[in-house]
Amino acid sequence: MIGTDLLGIEDLERADIERILDTAEHMREVGRRVVKKVPTLRGRTIVNLFFESSTRTRASFEIAGKRLSADVINFSPSSSSLKKSESILDTARTLDAMDPDAVVVRHSVAGVPKQIADVLAAPVINAGDGAHEHPTQALLDLLTVKLEKGRIDGLTVTIVGDILHSRVARSNIYAFGKMGAEVRIAAPPPMIPAAVETLGVKVFTSLREAIEGVDVVMALRIQSERLAGCYLPSVREYSSTFGIDREKLKYAKEDVIVMHPGPVNRGVELSHDLTDHRPSVILDQVRNGVAIRMAVLYLLSGRRQEDAQRIDLGSGEGR
Amino acid sequence: MNDVAIRRALMRIAHEVLERCEDLERLYLVAIPNGGVPLARQLTANFKQIADVNVIVGILDTTLYRDDLKLKGERPLLRETEMPSAVDDRVVILVDDVVKTGRTIRAAMDALMDFGRPSSVQVVGLVDRGHRELPIKLDYVGKNVPTQAHELVRMSGQDGNLEGALEIVVMPGES
């Protein structure tokens with residue numbers, strides 16, 4: 001079963017993923033009640049430690065924790081504390097001394113949640129680290145597909161966009177692969193990571209071929225700073241070749257669904273009309289995100305390691 | 001207790017519930033999964049047969065309300081919750097298969113209050129084993145089965161029907 005932390009989909013077994021999805025399906029029911037709160041994590045403390053700014057993911061974790069009755073503290077270390085030359089690990093250790101029951105970490109550098117997990121007694125949940133992983137996003141995407149299609153096994157999913165810089169793409173490639181779906185990626189060649197085929201995906205540079213007969217099209221957000229750089233000639237060229245609209249969707253299965261991790265650059269990754277209407281399921285993804293995060297917090301609660309274990313992990317100061 | 005005995009007990013309990021309830025329209029059965037679900041279904045069928053009333057059945061998982069979630073370790077699996085309507089002003093009858101410590105019933109009462117304010121709450125237990133750890137008393141009992149605390153009593157054939165019988169499995173060495 002799931003270990004102490006949730007750092008990436010790569011570490012999970014299929015049975016772990018199924019357990020999280022099953023738990024999240026039950027958590028959805030709590031969100032439909034008049035009283036959207038259960039006492040499960042009453043008296044527990046969850047710290048949202050976001051080194052990189054985020055509104056949606058942080059709010060989603062905060063609502064998830066509060067629906068389970070936990071106290072949720074948002075901690076966004078400002079540049080000032082970095083100026084005071086407090087290292088990331090020092091910040092994490094300081095927080096750990098306040099005995100949280102779970103720490104949710106986002107950082108712009110890959111691997112930081114793992115480093116923090118190594119020194120903390122509390123379970124650590126990765127809420128996105130650089131271009132590495134964003135496991136709860138992939139889990140909510142799996143849940144959305146499962147609820148729409150009734151299964152994941154045997155489906156074909158195409159991920160479109162900046163695969164190279166995307167932690168969402170990486171987590172989803174692992175996630176859908178482990179659950180038995182065929183994963184295709186489609187992007188302009190500079191946005192395709194080297195040797196990505198070794199992750200078991202089929203690579204396309206033509207959008208039309210990539211979405212031929214597929215069940216799910218997942219568009220990734222294009223970061224504007226990358227549009228100006230060497231990766232793409234222009235926004236207009238990207239949207240005409242890789243932007244999803246109803247015309248291009250005709251090549252996919254009739255009951256195709258369109259997903260996006262948000263926020264959408266309207267008219268770039270998705271046409272305006274598709275952003276707001278079926279077959280896009282963007283707001284369902286957001287709703288399912290709360291249920292997935294409730295499930296992860298529930299399953300990882302009670303996994304704080306014994307104080308004894310953290311003595312040798314500290315920087316020499318005994319406790 | 002075989003399935004014939006279980007059916008007879010449920011018929012008797014249905015009569016007892018109807019006898020005590022002043023307004024049948026307000027009855028609301030709430031089953032505790034998994035064992036309570038087939039029992040509650042059989043009870044509604046009995047109500048229909050005896051008094052021609054349609055009684056709503058809800059399913060209420062108590063896992064998120066358990067009192068042992070503060071402890072370390074593996075979290076229990078969640079089960080279905082399906083409450084078709086609010087419980088305000090209803091006479092709610094909780095239905096469980098085997099009642100022992102009373103902790104599940106305590107959790108079920110807390111969960112129920114999140115769905116509204118019932119006018120009263122009563123409890124059906126098919127089997128009462130004793131060994132109560134909380135001040136909870138059953139209103140309707142199928143059968144009192146004196147057991148050792150370490151024995152395990154479970155209902156087989158829980159897939160929505162009452163086939164099979166209750167079995168007592170003795171688990172030595174555990175307390």
# chains A, B, ... in the order shown; residues from 1 in each chain; ligands from 1
>>> interface_residues(of="chain B", to="chain A", cutoff="6 Å", atoms="only C-alpha atoms", output="JSON, numbers by chain")
{"B": [64, 65, 72, 73, 75, 114]}
>>> select_by_dssp(residues="stretch 187-300 of chain A", states="helix (DSSP H, G or I)", output="ChimeraX atom specification")
/A:189-191,196-199,207-211,224-228,235-242,246-249,272-276,282-300
>>> select_by_dssp(residues="stretch 80-319 of chain A", states="strand (DSSP E or B)", output="MDAnalysis selection string")
chainID A and resid 102:107 124:129 133 156:160 182:186 202:204 216:219 244 257:259 266 270 280
>>> write_last_selection(atoms="N, CA, C and O atoms", output="compact mmCIF listing (two decimals), in the first residue's frame")
# COMPACT_ATOMS: atom_id res chain seq x y z
N ALA A 102 0.48 16.63 8.07
CA ALA A 102 0.79 16.46 6.66
C ALA A 102 1.31 17.79 6.14
O ALA A 102 0.91 18.85 6.61
N VAL A 103 2.25 17.73 5.19
CA VAL A 103 2.78 18.94 4.58
C VAL A 103 2.64 18.81 3.07
O VAL A 103 3.07 17.81 2.48
N VAL A 104 1.99 19.80 2.47
CA VAL A 104 1.78 19.81 1.02
C VAL A 104 2.80 20.77 0.44
O VAL A 104 2.85 21.93 0.84
N VAL A 105 3.63 20.29 -0.48
CA VAL A 105 4.74 21.11 -0.96
C VAL A 105 4.64 21.37 -2.45
O VAL A 105 4.43 20.45 -3.25
N ARG A 106 4.80 22.65 -2.82
CA ARG A 106 5.00 22.99 -4.22
C ARG A 106 6.29 23.80 -4.32
O ARG A 106 6.54 24.70 -3.52
N HIS A 107 7.09 23.48 -5.33
CA HIS A 107 8.33 24.21 -5.55
C HIS A 107 8.66 24.19 -7.03
O HIS A 107 8.33 23.24 -7.73
N VAL A 124 4.56 13.90 3.37
CA VAL A 124 4.69 15.00 2.43
C VAL A 124 3.93 14.65 1.16
O VAL A 124 4.02 13.54 0.64
N ILE A 125 3.14 15.63 0.69
CA ILE A 125 2.40 15.45 -0.57
C ILE A 125 2.96 16.46 -1.57
O ILE A 125 3.00 17.66 -1.29
N ASN A 126 3.39 15.95 -2.70
CA ASN A 126 3.92 16.82 -3.75
C ASN A 126 2.76 17.48 -4.49
O ASN A 126 1.92 16.81 -5.07
N ALA A 127 2.74 18.82 -4.46
CA ALA A 127 1.69 19.56 -5.18
C ALA A 127 2.28 20.18 -6.44
O ALA A 127 1.77 21.18 -6.94
N GLY A 128 3.35 19.58 -6.95
CA GLY A 128 3.97 20.07 -8.18
C GLY A 128 5.39 20.51 -7.92
O GLY A 128 5.63 21.41 -7.12
N ASP A 129 6.36 19.83 -8.55
CA ASP A 129 7.77 20.23 -8.40
C ASP A 129 8.42 20.33 -9.76
O ASP A 129 8.66 19.35 -10.44
N GLU A 133 6.82 16.12 -11.30
CA GLU A 133 5.52 15.47 -11.17
C GLU A 133 4.49 16.39 -10.49
O GLU A 133 4.85 17.33 -9.77
N THR A 156 -7.77 5.21 -25.09
CA THR A 156 -6.63 5.90 -25.68
C THR A 156 -6.71 7.37 -25.33
O THR A 156 -7.75 8.01 -25.49
N VAL A 157 -5.60 7.89 -24.80
CA VAL A 157 -5.55 9.27 -24.30
C VAL A 157 -4.43 10.01 -25.03
O VAL A 157 -3.31 9.51 -25.11
N THR A 158 -4.75 11.19 -25.57
CA THR A 158 -3.72 12.00 -26.22
C THR A 158 -3.44 13.25 -25.41
O THR A 158 -4.37 14.01 -25.09
N ILE A 159 -2.18 13.44 -25.06
CA ILE A 159 -1.78 14.65 -24.34
C ILE A 159 -1.13 15.59 -25.34
O ILE A 159 -0.21 15.20 -26.06
N VAL A 160 -1.65 16.83 -25.39
CA VAL A 160 -1.22 17.79 -26.41
C VAL A 160 -0.56 19.00 -25.76
O VAL A 160 -1.15 19.59 -24.86
N GLU A 182 -3.73 3.51 -23.39
CA GLU A 182 -2.67 3.84 -24.35
C GLU A 182 -2.48 5.36 -24.31
O GLU A 182 -3.46 6.10 -24.39
N VAL A 183 -1.24 5.80 -24.14
CA VAL A 183 -1.00 7.23 -24.05
C VAL A 183 -0.24 7.71 -25.29
O VAL A 183 0.78 7.14 -25.67
N ARG A 184 -0.79 8.74 -25.94
CA ARG A 184 -0.13 9.38 -27.08
C ARG A 184 0.23 10.79 -26.67
O ARG A 184 -0.48 11.41 -25.88
N ILE A 185 1.33 11.29 -27.24
CA ILE A 185 1.62 12.71 -27.01
C ILE A 185 1.76 13.40 -28.36
O ILE A 185 2.22 12.80 -29.33
N ALA A 186 1.31 14.65 -28.41
CA ALA A 186 1.39 15.42 -29.64
C ALA A 186 1.90 16.81 -29.30
O ALA A 186 1.37 17.47 -28.40
N LYS A 202 3.29 6.88 -27.41
CA LYS A 202 3.49 7.04 -28.86
C LYS A 202 3.59 8.53 -29.15
O LYS A 202 2.75 9.31 -28.69
N VAL A 203 4.58 8.90 -29.93
CA VAL A 203 4.85 10.32 -30.18
C VAL A 203 4.34 10.73 -31.57
O VAL A 203 4.57 10.04 -32.55
N PHE A 204 3.62 11.85 -31.60
CA PHE A 204 3.10 12.38 -32.86
C PHE A 204 3.49 13.84 -32.99
O PHE A 204 3.52 14.57 -32.00
N VAL A 216 -9.90 10.37 -25.15
CA VAL A 216 -9.65 11.54 -24.31
C VAL A 216 -8.57 12.41 -24.97
O VAL A 216 -7.54 11.89 -25.41
N VAL A 217 -8.83 13.72 -25.03
CA VAL A 217 -7.80 14.66 -25.47
C VAL A 217 -7.50 15.57 -24.29
O VAL A 217 -8.41 16.18 -23.71
N MET A 218 -6.24 15.62 -23.90
CA MET A 218 -5.85 16.45 -22.77
C MET A 218 -4.91 17.54 -23.27
O MET A 218 -3.83 17.25 -23.75
N ALA A 219 -5.35 18.79 -23.18
CA ALA A 219 -4.51 19.90 -23.62
C ALA A 219 -3.75 20.45 -22.42
O ALA A 219 -4.30 20.54 -21.33
N ILE A 244 -7.02 23.01 -29.79
CA ILE A 244 -8.13 22.08 -30.02
C ILE A 244 -9.42 22.86 -30.27
O ILE A 244 -9.76 23.76 -29.51
N ILE A 257 -13.81 13.12 -24.74
CA ILE A 257 -13.88 14.24 -23.79
C ILE A 257 -12.57 15.02 -23.87
O ILE A 257 -11.53 14.47 -24.22
N VAL A 258 -12.66 16.31 -23.53
CA VAL A 258 -11.50 17.20 -23.62
C VAL A 258 -11.19 17.70 -22.21
O VAL A 258 -12.07 18.14 -21.48
N MET A 259 -9.91 17.58 -21.84
CA MET A 259 -9.51 17.98 -20.49
C MET A 259 -8.41 19.05 -20.56
O MET A 259 -7.71 19.17 -21.56
N ARG A 266 -7.57 30.98 -23.27
CA ARG A 266 -8.70 30.82 -24.22
C ARG A 266 -8.26 31.17 -25.63
O ARG A 266 -7.62 32.18 -25.86
N LEU A 270 -7.36 25.75 -26.24
CA LEU A 270 -8.73 25.32 -26.56
C LEU A 270 -9.46 26.51 -27.17
O LEU A 270 -9.23 27.66 -26.77
N SER A 280 -15.78 19.37 -23.23
CA SER A 280 -14.73 19.63 -22.23
C SER A 280 -15.32 19.44 -20.83
O SER A 280 -16.51 19.68 -20.60
>>> residues_around(residues="B:His131", least_positions_apart="6", cutoff="8 Å", atoms="only C-alpha atoms", output="VMD selection string")
chain B and resid 100 to 101 149
>>> atom_distance(atom1="atom CA of B:Leu43", atom2="atom CA of B:Ala111")
21.8 Å
>>> residues_around(residues="stretch 32-40 of chain B", least_positions_apart="4", cutoff="9 Å", atoms="only C-alpha atoms", output="PyMOL selection string")
chain B and resi 6-7+10+44-45+57-62+79-81+94-98+104-105+108+125-126+154-156+158-162
>>> residues_around(residues="stretch 20-22 of chain B", least_positions_apart="2", cutoff="12 Å", atoms="only C-alpha atoms", output="ChimeraX atom specification")
/B:13-18,24-28,47,51,90-93,119-122,139-140
>>> closest_residue(among="B:Leu138, B:Gly130, B:Leu29, B:Asp68", to="B:Ser85", atoms="only C-alpha atoms")
B:Leu29
>>> residues_around(residues="A:Glu254", least_positions_apart="4", cutoff="12 Å", atoms="only C-alpha atoms", output="list in words")
Ile211, Glu212, Gly213, Val214, Asp215, Val216, Arg246, Lys248, Leu249, Lys250, Val258 and Pro279 of chain A
>>> residues_around(residues="A:Ser76", least_positions_apart="4", cutoff="9 Å", atoms="only C-alpha atoms", output="short mmCIF file (atom, residue, chain, number, x, y, z; two decimals) with N, CA, C and O atoms, in the first residue's frame")
data_model
loop_
_atom_site.label_atom_id
_atom_site.label_comp_id
_atom_site.auth_asym_id
_atom_site.auth_seq_id
_atom_site.Cartn_x
_atom_site.Cartn_y
_atom_site.Cartn_z
N ASN A 48 0.13 23.86 4.07
CA ASN A 48 0.36 24.07 2.65
C ASN A 48 1.63 24.88 2.51
O ASN A 48 1.65 26.07 2.84
N LEU A 49 2.71 24.26 2.07
CA LEU A 49 4.00 24.94 1.95
C LEU A 49 4.27 25.19 0.47
O LEU A 49 4.74 24.31 -0.25
N PHE A 50 3.90 26.38 0.02
CA PHE A 50 3.97 26.69 -1.41
C PHE A 50 5.08 27.71 -1.69
O PHE A 50 4.92 28.90 -1.44
N PHE A 51 6.20 27.20 -2.20
CA PHE A 51 7.31 28.09 -2.57
C PHE A 51 7.04 28.75 -3.92
O PHE A 51 7.66 29.74 -4.26
N GLU A 52 6.16 28.13 -4.71
CA GLU A 52 5.81 28.68 -6.01
C GLU A 52 4.35 29.07 -5.93
O GLU A 52 3.56 28.34 -5.34
N SER A 53 3.99 30.20 -6.51
CA SER A 53 2.63 30.67 -6.32
C SER A 53 1.63 29.74 -7.01
O SER A 53 1.93 29.12 -8.01
#
>>> closest_residue(among="A:Glu197, A:Phe242, A:Arg93, A:Glu10", to="A:Asn172", atoms="only C-alpha atoms")
A:Glu10
